[in-house]
$ cat data_1.tsv   # TSV, C-alpha atoms and all ligand atoms
chain	number	residue	atom	x	y	z
O	1	MET	CA	128.72	76.14	76.76
O	2	SER	CA	126.53	78.94	75.40
O	3	ILE	CA	127.14	82.56	76.36
O	4	GLY	CA	123.82	82.56	78.26
O	5	LYS	CA	124.90	79.61	80.36
O	6	THR	CA	128.34	81.13	80.98
O	7	LEU	CA	126.80	84.36	82.24
O	8	ILE	CA	124.37	82.52	84.51
O	9	ALA	CA	127.16	80.31	85.86
O	10	ALA	CA	129.21	83.47	86.53
O	11	ALA	CA	126.28	85.06	88.36
O	12	VAL	CA	125.79	81.98	90.55
O	13	LEU	CA	129.55	81.88	91.22
O	14	ALA	CA	129.50	85.57	92.17
O	15	ALA	CA	126.58	84.94	94.54
O	16	THR	CA	128.38	81.98	96.11
O	17	ALA	CA	131.62	83.96	96.44
O	18	ALA	CA	129.76	86.84	98.08
O	19	SER	CA	128.19	84.59	100.72
O	20	ALA	CA	131.50	82.75	101.30
O	21	GLN	CA	133.25	86.08	101.84
O	22	ASP	CA	130.64	87.10	104.41
O	23	ALA	CA	130.51	83.68	106.07
O	24	PRO	CA	130.81	83.94	109.85
O	25	ALA	CA	133.13	81.63	111.81
O	26	TRP	CA	130.11	79.85	113.34
O	27	PRO	CA	127.46	79.91	110.61
O	28	GLN	CA	123.76	79.48	111.24
O	29	ALA	CA	121.98	76.25	110.29
O	30	PRO	CA	120.33	76.19	106.84
O	31	GLY	CA	117.11	78.21	106.90
O	32	TYR	CA	114.35	76.20	105.33
O	33	TYR	CA	111.14	74.69	106.65
O	34	ARG	CA	108.89	72.15	104.96
O	35	MET	CA	105.14	71.88	105.07
O	36	GLN	CA	102.70	69.80	103.05
O	37	LEU	CA	99.64	71.70	101.80
O	38	GLY	CA	97.27	69.19	100.24
O	39	ASP	CA	99.16	67.82	97.23
O	40	PHE	CA	101.65	70.73	97.22
O	41	ARG	CA	105.03	70.77	98.92
O	42	VAL	CA	105.73	74.14	100.51
O	43	THR	CA	109.29	75.02	101.53
O	44	VAL	CA	109.85	78.26	103.39
O	45	LEU	CA	113.29	79.64	102.52
O	46	SER	CA	115.06	82.22	104.62
O	47	ASP	CA	116.93	84.99	102.83
O	48	GLY	CA	118.29	86.17	106.19
O	49	ALA	CA	117.17	88.91	108.57
O	50	VAL	CA	117.76	92.66	108.65
O	51	ASP	CA	117.84	95.08	111.55
O	52	ARG	CA	115.60	98.11	111.22
O	53	ASP	CA	115.22	101.15	113.48
O	54	LEU	CA	111.44	100.90	113.50
O	55	PRO	CA	110.68	103.92	115.75
O	56	ALA	CA	112.44	106.05	113.11
O	57	ILE	CA	110.48	104.61	110.18
O	58	MET	CA	107.03	103.81	111.58
O	59	SER	CA	104.16	106.26	111.97
O	60	ASP	CA	103.81	105.96	115.78
O	61	PRO	CA	107.29	105.74	117.40
O	62	ASP	CA	105.96	105.80	120.99
O	63	THR	CA	103.68	102.83	120.37
O	64	VAL	CA	106.51	100.97	118.61
O	65	ARG	CA	108.90	101.49	121.57
O	66	ALA	CA	106.20	100.55	124.10
O	67	ARG	CA	105.23	97.37	122.24
O	68	TYR	CA	108.83	96.18	121.83
O	69	GLN	CA	109.57	96.88	125.50
O	70	ALA	CA	106.40	95.12	126.70
O	71	GLN	CA	107.31	92.03	124.64
O	72	HIS	CA	111.00	92.03	125.73
O	73	GLN	CA	112.14	92.60	122.15
O	74	ALA	CA	115.23	94.58	121.23
O	75	LEU	CA	115.37	97.62	118.99
O	76	PRO	CA	116.50	97.97	116.26
O	77	ALA	CA	114.15	95.14	115.39
O	78	ARG	CA	115.40	92.07	113.55
O	79	LEU	CA	113.05	91.38	110.64
O	80	SER	CA	113.05	88.01	108.91
O	81	ILE	CA	113.05	87.91	105.12
O	82	ASN	CA	111.02	84.84	104.14
O	83	CYS	CA	110.52	83.42	100.65
O	84	TYR	CA	108.16	80.55	99.83
O	85	LEU	CA	108.71	77.74	97.35
O	86	ILE	CA	105.58	75.94	96.16
O	87	ASP	CA	106.27	72.63	94.44
O	88	THR	CA	102.96	71.65	92.82
O	89	GLY	CA	104.46	68.58	91.14
O	90	GLU	CA	104.08	70.34	87.78
O	91	HIS	CA	105.59	73.72	88.70
O	92	ARG	CA	108.23	74.96	91.10
O	93	ILE	CA	106.99	78.40	92.06
O	94	LEU	CA	109.11	80.75	94.15
O	95	VAL	CA	107.21	83.54	95.88
O	96	ASP	CA	109.61	86.47	96.38
O	97	THR	CA	113.38	86.31	96.07
O	98	GLY	CA	114.85	88.18	99.05
O	99	ALA	CA	117.41	90.97	98.70
O	100	GLY	CA	120.15	89.27	96.66
O	101	GLU	CA	123.27	91.42	96.86
O	102	LEU	CA	121.44	94.68	97.63
O	103	PHE	CA	121.90	94.69	101.42
O	104	GLY	CA	125.48	93.33	101.58
O	105	ASN	CA	127.26	92.27	104.79
O	106	GLY	CA	125.78	88.78	104.72
O	107	VAL	CA	122.60	89.80	106.58
O	108	ALA	CA	120.48	88.86	103.55
O	109	GLY	CA	121.05	87.15	100.22
O	110	HIS	CA	120.96	83.61	101.64
O	111	LEU	CA	118.04	82.44	99.50
O	112	VAL	CA	120.06	80.46	96.94
O	113	ALA	CA	122.18	78.71	99.60
O	114	ASN	CA	119.04	77.72	101.50
O	115	LEU	CA	117.30	76.66	98.27
O	116	ARG	CA	120.23	74.32	97.54
O	117	SER	CA	120.19	73.01	101.13
O	118	ALA	CA	116.51	72.20	100.64
O	119	GLY	CA	117.37	70.10	97.56
O	120	TYR	CA	116.56	72.49	94.71
O	121	ALA	CA	118.75	74.41	92.26
O	122	PRO	CA	117.99	77.89	90.88
O	123	GLU	CA	117.54	76.23	87.45
O	124	ASP	CA	114.64	74.17	88.89
O	125	ILE	CA	112.48	77.26	89.41
O	126	ASP	CA	110.10	77.80	86.48
O	127	THR	CA	108.03	80.58	88.02
O	128	VAL	CA	108.76	83.50	90.34
O	129	LEU	CA	105.77	85.32	91.79
O	130	LEU	CA	106.58	88.72	93.27
O	131	THR	CA	104.28	90.03	95.97
O	132	HIS	CA	105.63	93.42	94.95
O	133	ILE	CA	108.73	95.16	93.67
O	134	HIS	CA	110.94	96.24	96.59
O	135	GLY	CA	114.61	95.48	97.22
O	136	ASP	CA	113.98	92.73	99.77
O	137	HIS	CA	111.38	90.93	97.59
O	138	SER	CA	112.57	91.35	93.99
O	139	GLY	CA	116.25	92.15	94.70
O	140	GLY	CA	117.22	88.47	94.63
O	141	LEU	CA	116.04	87.99	91.03
O	142	SER	CA	119.47	88.91	89.64
O	143	ILE	CA	123.08	89.11	90.74
O	144	ALA	CA	125.50	91.44	88.96
O	145	GLY	CA	122.86	92.11	86.32
O	146	GLN	CA	122.40	88.40	85.49
O	147	ARG	CA	119.18	86.45	86.08
O	148	LEU	CA	119.68	84.02	88.98
O	149	PHE	CA	116.70	81.89	87.90
O	150	PRO	CA	117.52	81.28	84.23
O	151	ASN	CA	114.48	79.10	83.49
O	152	ALA	CA	111.92	81.19	85.37
O	153	THR	CA	109.31	83.62	84.20
O	154	ALA	CA	108.64	86.29	86.83
O	155	TYR	CA	105.10	87.54	87.44
O	156	VAL	CA	103.99	90.73	89.16
O	157	ASP	CA	100.88	92.92	89.17
O	158	ALA	CA	101.19	95.44	86.31
O	159	ALA	CA	100.89	98.43	88.67
O	160	ASP	CA	104.32	97.77	90.22
O	161	PRO	CA	106.53	97.78	87.10
O	162	ALA	CA	104.44	100.74	85.86
O	163	LEU	CA	105.84	102.62	88.85
O	164	TRP	CA	109.26	101.16	89.63
O	165	LEU	CA	110.50	100.60	86.06
O	166	SER	CA	109.40	104.03	84.81
O	167	LYS	CA	112.04	106.72	84.22
O	168	ALA	CA	109.32	109.41	84.36
O	169	GLN	CA	108.07	108.14	87.73
O	170	GLU	CA	111.65	107.99	89.04
O	171	ALA	CA	112.26	111.62	88.12
O	172	ALA	CA	109.03	112.66	89.88
O	173	ALA	CA	109.59	110.53	93.04
O	174	PRO	CA	110.64	111.92	96.42
O	175	VAL	CA	114.40	111.50	97.06
O	176	ALA	CA	113.75	109.00	99.90
O	177	ARG	CA	112.05	106.65	97.44
O	178	ARG	CA	114.56	106.92	94.56
O	179	ALA	CA	116.73	103.92	95.57
O	180	THR	CA	113.99	101.42	94.70
O	181	PHE	CA	113.95	102.59	91.06
O	182	GLY	CA	117.65	101.89	90.48
O	183	GLN	CA	117.46	98.58	92.36
O	184	SER	CA	114.45	97.53	90.26
O	185	GLN	CA	116.24	98.31	86.98
O	186	LYS	CA	119.22	96.26	88.15
O	187	THR	CA	117.33	93.20	89.39
O	188	VAL	CA	113.94	93.07	87.60
O	189	GLY	CA	115.28	94.71	84.42
O	190	PRO	CA	117.17	91.62	83.16
O	191	TYR	CA	113.87	89.65	83.11
O	192	VAL	CA	112.23	92.39	81.04
O	193	VAL	CA	115.13	92.30	78.55
O	194	ALA	CA	114.87	88.50	78.32
O	195	GLY	CA	111.08	88.65	77.77
O	196	ARG	CA	110.62	86.85	81.08
O	197	LEU	CA	108.58	89.37	83.05
O	198	LYS	CA	104.81	88.85	82.81
O	199	THR	CA	102.22	91.08	84.40
O	200	PHE	CA	98.67	90.49	85.59
O	201	THR	CA	96.02	92.56	87.28
O	202	ALA	CA	94.88	91.07	90.58
O	203	PRO	CA	92.58	89.35	91.31
O	204	ALA	CA	93.83	86.72	88.88
O	205	THR	CA	94.20	82.95	88.77
O	206	LEU	CA	97.76	82.25	87.59
O	207	PHE	CA	98.02	78.46	87.88
O	208	PRO	CA	95.71	75.74	89.17
O	209	GLY	CA	95.60	76.36	92.92
O	210	VAL	CA	97.50	79.68	92.74
O	211	ARG	CA	95.54	82.92	92.83
O	212	ALA	CA	96.74	86.52	93.16
O	213	ILE	CA	94.67	88.89	95.28
O	214	PRO	CA	95.15	92.67	95.48
O	215	LEU	CA	96.80	93.96	98.68
O	216	ARG	CA	97.16	97.57	97.58
O	217	GLY	CA	98.74	100.45	99.45
O	218	HIS	CA	102.20	99.27	100.47
O	219	THR	CA	102.91	99.47	96.73
O	220	PRO	CA	100.31	100.14	94.02
O	221	GLY	CA	100.53	96.54	92.78
O	222	GLN	CA	101.18	94.55	95.95
O	223	SER	CA	99.49	91.16	95.69
O	224	GLY	CA	98.98	88.28	98.05
O	225	TYR	CA	99.03	84.72	96.73
O	226	VAL	CA	96.40	82.24	97.84
O	227	ILE	CA	97.78	78.72	97.47
O	228	GLU	CA	95.13	76.02	97.60
O	229	SER	CA	95.25	72.23	97.30
O	230	GLN	CA	92.79	69.57	98.47
O	231	GLY	CA	90.80	72.17	100.41
O	232	GLN	CA	93.87	73.43	102.32
O	233	ARG	CA	94.73	77.10	101.91
O	234	LEU	CA	97.73	79.29	102.56
O	235	LEU	CA	97.83	83.06	102.04
O	236	LEU	CA	101.27	84.51	101.31
O	237	SER	CA	100.68	88.07	102.42
O	238	GLY	CA	103.85	89.95	101.43
O	239	ASP	CA	104.34	93.18	103.34
O	240	VAL	CA	100.93	93.45	105.01
O	241	ILE	CA	102.90	93.07	108.29
O	242	HIS	CA	106.43	94.46	108.80
O	243	SER	CA	106.34	94.31	112.59
O	244	ALA	CA	104.33	91.50	114.19
O	245	GLU	CA	105.07	93.08	117.58
O	246	VAL	CA	103.20	96.25	116.60
O	247	GLN	CA	100.86	95.82	113.66
O	248	PHE	CA	98.66	92.91	114.76
O	249	ARG	CA	97.58	94.90	117.78
O	250	ASP	CA	97.69	98.27	116.02
O	251	PRO	CA	96.99	97.76	112.29
O	252	ALA	CA	96.81	101.55	111.81
O	253	VAL	CA	100.59	101.95	112.39
O	254	THR	CA	102.30	102.32	109.00
O	255	ILE	CA	105.90	102.25	107.77
O	256	HIS	CA	107.82	104.73	105.61
O	257	TYR	CA	108.12	102.18	102.80
O	258	ASP	CA	104.34	102.35	102.21
O	259	VAL	CA	103.67	104.21	98.96
O	260	ASP	CA	100.10	104.95	100.14
O	261	PRO	CA	100.10	104.51	103.95
O	262	LYS	CA	96.35	105.07	104.33
O	263	ALA	CA	95.50	102.37	101.79
O	264	ALA	CA	98.16	100.07	103.31
O	265	ALA	CA	96.54	100.38	106.76
O	266	ALA	CA	93.06	99.71	105.34
O	267	THR	CA	94.36	96.63	103.49
O	268	ARG	CA	96.04	95.37	106.68
O	269	GLU	CA	92.85	95.78	108.73
O	270	ALA	CA	90.78	94.01	106.05
O	271	ILE	CA	93.20	91.07	105.66
O	272	LEU	CA	93.58	90.60	109.42
O	273	ALA	CA	89.80	90.64	109.87
O	274	GLU	CA	89.32	88.11	107.07
O	275	THR	CA	92.11	85.72	108.07
O	276	ALA	CA	90.99	85.85	111.72
O	277	ALA	CA	87.38	85.15	110.72
O	278	ASN	CA	88.09	82.22	108.36
O	279	GLY	CA	91.15	80.74	110.07
O	280	ILE	CA	93.27	80.74	106.90
O	281	LEU	CA	96.95	79.90	107.36
O	282	VAL	CA	99.17	82.92	106.64
O	283	GLY	CA	102.80	83.17	105.49
O	284	GLY	CA	104.28	86.59	106.23
O	285	ALA	CA	107.41	87.86	104.49
O	286	HIS	CA	108.80	89.63	107.58
O	287	ILE	CA	107.23	87.67	110.45
O	288	ALA	CA	109.79	85.61	112.43
O	289	PHE	CA	110.96	82.67	110.26
O	290	PRO	CA	109.26	80.61	108.94
O	291	GLY	CA	106.50	83.21	109.25
O	292	LEU	CA	103.67	80.66	109.19
O	293	GLY	CA	100.72	81.04	111.52
O	294	HIS	CA	97.15	82.10	112.20
O	295	VAL	CA	95.56	85.41	113.10
O	296	THR	CA	93.12	85.71	116.00
O	297	ARG	CA	90.92	88.62	116.97
O	298	GLU	CA	91.54	90.21	120.37
O	299	THR	CA	89.61	92.81	122.39
O	300	LYS	CA	91.99	95.33	120.86
O	301	GLY	CA	93.29	94.43	117.42
O	302	TYR	CA	94.63	90.97	116.62
O	303	SER	CA	97.35	88.56	117.66
O	304	TRP	CA	99.65	86.13	115.85
O	305	VAL	CA	99.72	82.41	116.64
O	306	PRO	CA	102.79	80.75	115.08
O	307	LEU	CA	102.32	77.30	113.54
O	308	PRO	CA	103.98	74.71	115.81
O	309	TRP	CA	107.25	73.35	114.40
O	310	SER	CA	106.82	69.85	113.05
O	311	SER	CA	109.33	67.12	112.19
O	312	GLN	CA	106.73	65.62	109.84
O	313	PRO	CA	105.97	68.09	107.06
O	401	ZN	ZN	107.94	96.11	100.66
$ encode --input "data_1.tsv" --output "structure tokens"
Amino acid sequence: MSIGKTLIAAAVLAATAASAQDAPAWPQAPGYYRMQLGDFRVTVLSDGAVDRDLPAIMSDPDTVRARYQAQHQALPARLSINCYLIDTGEHRILVDTGAGELFGNGVAGHLVANLRSAGYAPEDIDTVLLTHIHGDHSGGLSIAGQRLFPNATAYVDAADPALWLSKAQEAAAPVARRATFGQSQKTVGPYVVAGRLKTFTAPATLFPGVRAIPLRGHTPGQSGYVIESQGQRLLLSGDVIHSAEVQFRDPAVTIHYDVDPKAAAATREAILAETAANGILVGGAHIAFPGLGHVTRETKGYSWVPLPWSSQP
């Protein structure tokens, strides 16, 4: 066994041990959901769900509290972390990787277990597309400094590594934003060292039927991925929506994680208007699992219509 393989095996073992350690007495069912999109097989993979005190981290706490109360939803809010596997037949493309070991406590980091439940191994993934670099999207790339997807090349818009992998930018960043820099070095860094991080500038066509579109504001390089096969389309929209309960109706409400809140709100409004107008299916990273649905225009703002669950993908 080569050293590379030994290290990867150790990383997978460490990931498995971590989830076994955190395993509850009555574990949840595997979190994956299958959907055919033209010739492509789409599998939504849950990385788990995290609780967030949204009134403390969103721009309009009163609206947040009122919306959660009106919809009988508890605070802190439980936010899904959804990843999307696109099996084109030729490529197995994973869009976002969850939080890996960054959040601890077993709330996240379930991606690999759910990937295996869905019939794939980490070694099967040849491509990882990051909507952006943030702990709960790129954190699952590596465990204990080792690449979890040994055969994958990771892609991200060049503007994100230019920020999050820069020592100069880290030194200049506000204290509240510093954590992302260290996390990025730890989890994205190993792909850079291995020559397996590639950048693009959205809009860009990356593979047949896979196109990156710019969704700037939340981070400077956030991208959505438009997946298209046989005339069917799916937009994987990353962090355009953190709170479905609030931001469909009030797209102007922003979250502290937005690097440029004003641009993030403008992007959200534009994407909601476009997806509502053309009826495109959306996959949202933090919308309740599996996060698939349509956007409709309302008298005030928009609303979310989840895709009905189907036993026939
Ligand atoms: Zn984010």
$ closest_residue --input "data_1.tsv" --among "O:Ala194, O:Met58, O:Ala176, O:Val107" --to "Ile241 of chain O" --atoms "only C-alpha atoms"
O:Met58
$ closest_residue --input "data_1.tsv" --among "O:Pro76, O:Gly238, O:Gly106, O:Pro306" --to "ligand ZN 401 (chain O)" --atoms "only C-alpha atoms and all ligand atoms"
O:Gly238
$ closest_residue --input "data_1.tsv" --among "O:Tyr302, O:Asp160, O:Lys186, O:Ala244" --to "ligand ZN 401 (chain O)" --atoms "all atoms listed in the file"
O:Asp160
$ atom_distance --input "data_1.tsv" --atom1 "atom CA of Thr275 of chain O" --atom2 "atom CA of Asp62 of chain O"
27.6 Å
$ residues_around --input "data_1.tsv" --residues "Thr199 of chain O" --least-positions-apart "2" --cutoff "8 Å" --atoms "only C-alpha atoms" --output "PyMOL selection string"
chain O and resi 155-158+197+201
$ residues_around --input "data_1.tsv" --residues "segment 23-34 of chain O" --least-positions-apart "4" --cutoff "7 Å" --atoms "only C-alpha atoms" --output "ChimeraX atom specification"
/O:19,42-46,114,117-118,290,313
$ residues_near_ligand --input "data_1.tsv" --ligand "ligand ZN 401 (chain O)" --cutoff "9 Å" --atoms "all atoms listed in the file" --output "list of chain:residue names"
O:Thr131, O:His132, O:Ile133, O:His134, O:Gly135, O:Asp136, O:His137, O:His218, O:Thr219, O:Gln222, O:Gly238, O:Asp239, O:Val240, O:His242, O:Tyr257, O:Asp258
$ atom_distance --input "data_1.tsv" --atom1 "atom CA of Arg249 of chain O" --atom2 "atom CA of Ala74 of chain O"
18.0 Å
$ atom_distance --input "data_1.tsv" --atom1 "atom CA of Ala277 of chain O" --atom2 "atom CA of Ala265 of chain O"
18.2 Å
$ residues_around --input "data_1.tsv" --residues "Gln36 of chain O" --least-positions-apart "5" --cutoff "12 Å" --atoms "only C-alpha atoms" --output "PyMOL selection string"
chain O and resi 41-44+85-88+227-230+232-234+310-313
$ residues_around --input "data_1.tsv" --residues "Phe103 of chain O" --least-positions-apart "2" --cutoff "12 Å" --atoms "only C-alpha atoms" --output "list in words"
Ala18, Ser19, Asp22, Asp47, Gly48, Ala49, Val50, Asp51, Ile81, Gly98, Ala99, Gly100, Glu101, Asn105, Gly106, Val107, Ala108, Gly109, His110, Gly135, Asp136, His137, Gly139, Gly140 and Gln183 of chain O
$ residues_around --input "data_1.tsv" --residues "Ser243 of chain O" --least-positions-apart "2" --cutoff "9 Å" --atoms "all atoms listed in the file" --output "MDAnalysis selection string"
chainID O and resid 54 64 77 79 241 245:248 286:287
$ closest_residue --input "data_1.tsv" --among "O:Gly119, O:Gly283, O:Pro174, O:Pro220" --to "Pro161 of chain O" --atoms "only C-alpha atoms"
O:Pro220
$ residues_near_point --input "data_1.tsv" --point "(89.8, 89.6, 112.6)" --cutoff "12 Å" --atoms "all atoms listed in the file" --output "list of chain:residue names"
O:Phe248, O:Arg249, O:Pro251, O:Arg268, O:Glu269, O:Ala270, O:Ile271, O:Leu272, O:Ala273, O:Glu274, O:Thr275, O:Ala276, O:Ala277, O:Asn278, O:Gly279, O:Ile280, O:His294, O:Val295, O:Thr296, O:Arg297, O:Glu298, O:Thr299, O:Lys300, O:Gly301, O:Tyr302, O:Ser303, O:Trp304
$ closest_residue --input "data_1.tsv" --among "O:Val226, O:Ala66, O:Ile143, O:Leu307" --to "Pro214 of chain O" --atoms "only C-alpha atoms"
O:Val226
$ closest_residue --input "data_1.tsv" --among "O:Val192, O:Cys83, O:Leu236, O:Leu111" --to "Ile213 of chain O" --atoms "all atoms listed in the file"
O:Leu236
$ residues_near_point --input "data_1.tsv" --point "(95.4, 97.9, 99.6)" --cutoff "6 Å" --atoms "all atoms listed in the file" --output "PDB file with C-alpha atoms, in the coordinates of the input"
ATOM      1  CA  LEU O 215      96.800  93.960  98.680  1.00  0.00           C
ATOM      2  CA  ARG O 216      97.160  97.570  97.580  1.00  0.00           C
ATOM      3  CA  GLY O 217      98.740 100.450  99.450  1.00  0.00           C
ATOM      4  CA  ALA O 263      95.500 102.370 101.790  1.00  0.00           C
ATOM      5  CA  ALA O 264      98.160 100.070 103.310  1.00  0.00           C
ATOM      6  CA  THR O 267      94.360  96.630 103.490  1.00  0.00           C
TER       7      THR O 267
END
$ build_atoms --input "data_1.tsv" --residues "segment 127-153 of chain O" --atoms "N, CA and C atoms" --output "tab-separated table (two decimals), keeping the file's coordinate frame"
chain	number	residue	atom	x	y	z
O	127	THR	N	108.89	79.41	87.82
O	127	THR	CA	108.03	80.58	88.02
O	127	THR	C	108.46	81.34	89.27
O	128	VAL	N	108.58	82.66	89.16
O	128	VAL	CA	108.76	83.50	90.34
O	128	VAL	C	107.55	84.41	90.42
O	129	LEU	N	106.87	84.39	91.56
O	129	LEU	CA	105.77	85.32	91.79
O	129	LEU	C	106.25	86.38	92.77
O	130	LEU	N	106.18	87.63	92.37
O	130	LEU	CA	106.58	88.72	93.27
O	130	LEU	C	105.33	89.27	93.95
O	131	THR	N	105.39	89.36	95.28
O	131	THR	CA	104.28	90.03	95.97
O	131	THR	C	104.28	91.51	95.61
O	132	HIS	N	105.49	92.04	95.41
O	132	HIS	CA	105.63	93.42	94.95
O	132	HIS	C	107.09	93.66	94.60
O	133	ILE	N	107.36	94.79	93.98
O	133	ILE	CA	108.73	95.16	93.67
O	133	ILE	C	109.25	96.05	94.80
O	134	HIS	N	110.21	95.53	95.53
O	134	HIS	CA	110.94	96.24	96.59
O	134	HIS	C	112.23	95.45	96.76
O	135	GLY	N	113.30	96.11	97.17
O	135	GLY	CA	114.61	95.48	97.22
O	135	GLY	C	114.65	94.13	97.91
O	136	ASP	N	113.91	93.97	98.99
O	136	ASP	CA	113.98	92.73	99.77
O	136	ASP	C	112.98	91.67	99.29
O	137	HIS	N	112.31	91.92	98.17
O	137	HIS	CA	111.38	90.93	97.59
O	137	HIS	C	111.78	90.56	96.16
O	138	SER	N	112.19	91.57	95.39
O	138	SER	CA	112.57	91.35	93.99
O	138	SER	C	114.08	91.45	93.80
O	139	GLY	N	114.81	91.92	94.83
O	139	GLY	CA	116.25	92.15	94.70
O	139	GLY	C	117.03	90.88	94.39
O	140	GLY	N	116.51	89.73	94.83
O	140	GLY	CA	117.22	88.47	94.63
O	140	GLY	C	116.99	87.84	93.27
O	141	LEU	N	116.28	88.53	92.38
O	141	LEU	CA	116.04	87.99	91.03
O	141	LEU	C	117.33	87.88	90.24
O	142	SER	N	118.24	88.84	90.44
O	142	SER	CA	119.47	88.91	89.64
O	142	SER	C	120.66	89.24	90.52
O	143	ILE	N	121.81	88.75	90.10
O	143	ILE	CA	123.08	89.11	90.74
O	143	ILE	C	123.99	89.67	89.65
O	144	ALA	N	124.60	90.79	89.92
O	144	ALA	CA	125.50	91.44	88.96
O	144	ALA	C	124.85	91.56	87.57
O	145	GLY	N	123.56	91.88	87.58
O	145	GLY	CA	122.86	92.11	86.32
O	145	GLY	C	122.46	90.84	85.57
O	146	GLN	N	122.73	89.67	86.15
O	146	GLN	CA	122.40	88.40	85.49
O	146	GLN	C	121.25	87.71	86.23
O	147	ARG	N	120.32	87.14	85.47
O	147	ARG	CA	119.18	86.45	86.08
O	147	ARG	C	119.66	85.22	86.87
O	148	LEU	N	119.26	85.16	88.14
O	148	LEU	CA	119.68	84.02	88.98
O	148	LEU	C	118.82	82.79	88.74
O	149	PHE	N	117.62	83.01	88.17
O	149	PHE	CA	116.70	81.89	87.90
O	149	PHE	C	116.50	81.83	86.38
O	150	PRO	N	117.46	81.18	85.68
O	150	PRO	CA	117.52	81.28	84.23
O	150	PRO	C	116.31	80.69	83.51
O	151	ASN	N	115.61	79.75	84.16
O	151	ASN	CA	114.48	79.10	83.49
O	151	ASN	C	113.13	79.63	83.97
O	152	ALA	N	113.16	80.70	84.77
O	152	ALA	CA	111.92	81.19	85.37
O	152	ALA	C	111.35	82.38	84.61
O	153	THR	N	110.02	82.41	84.58
O	153	THR	CA	109.31	83.62	84.20
O	153	THR	C	108.83	84.27	85.49
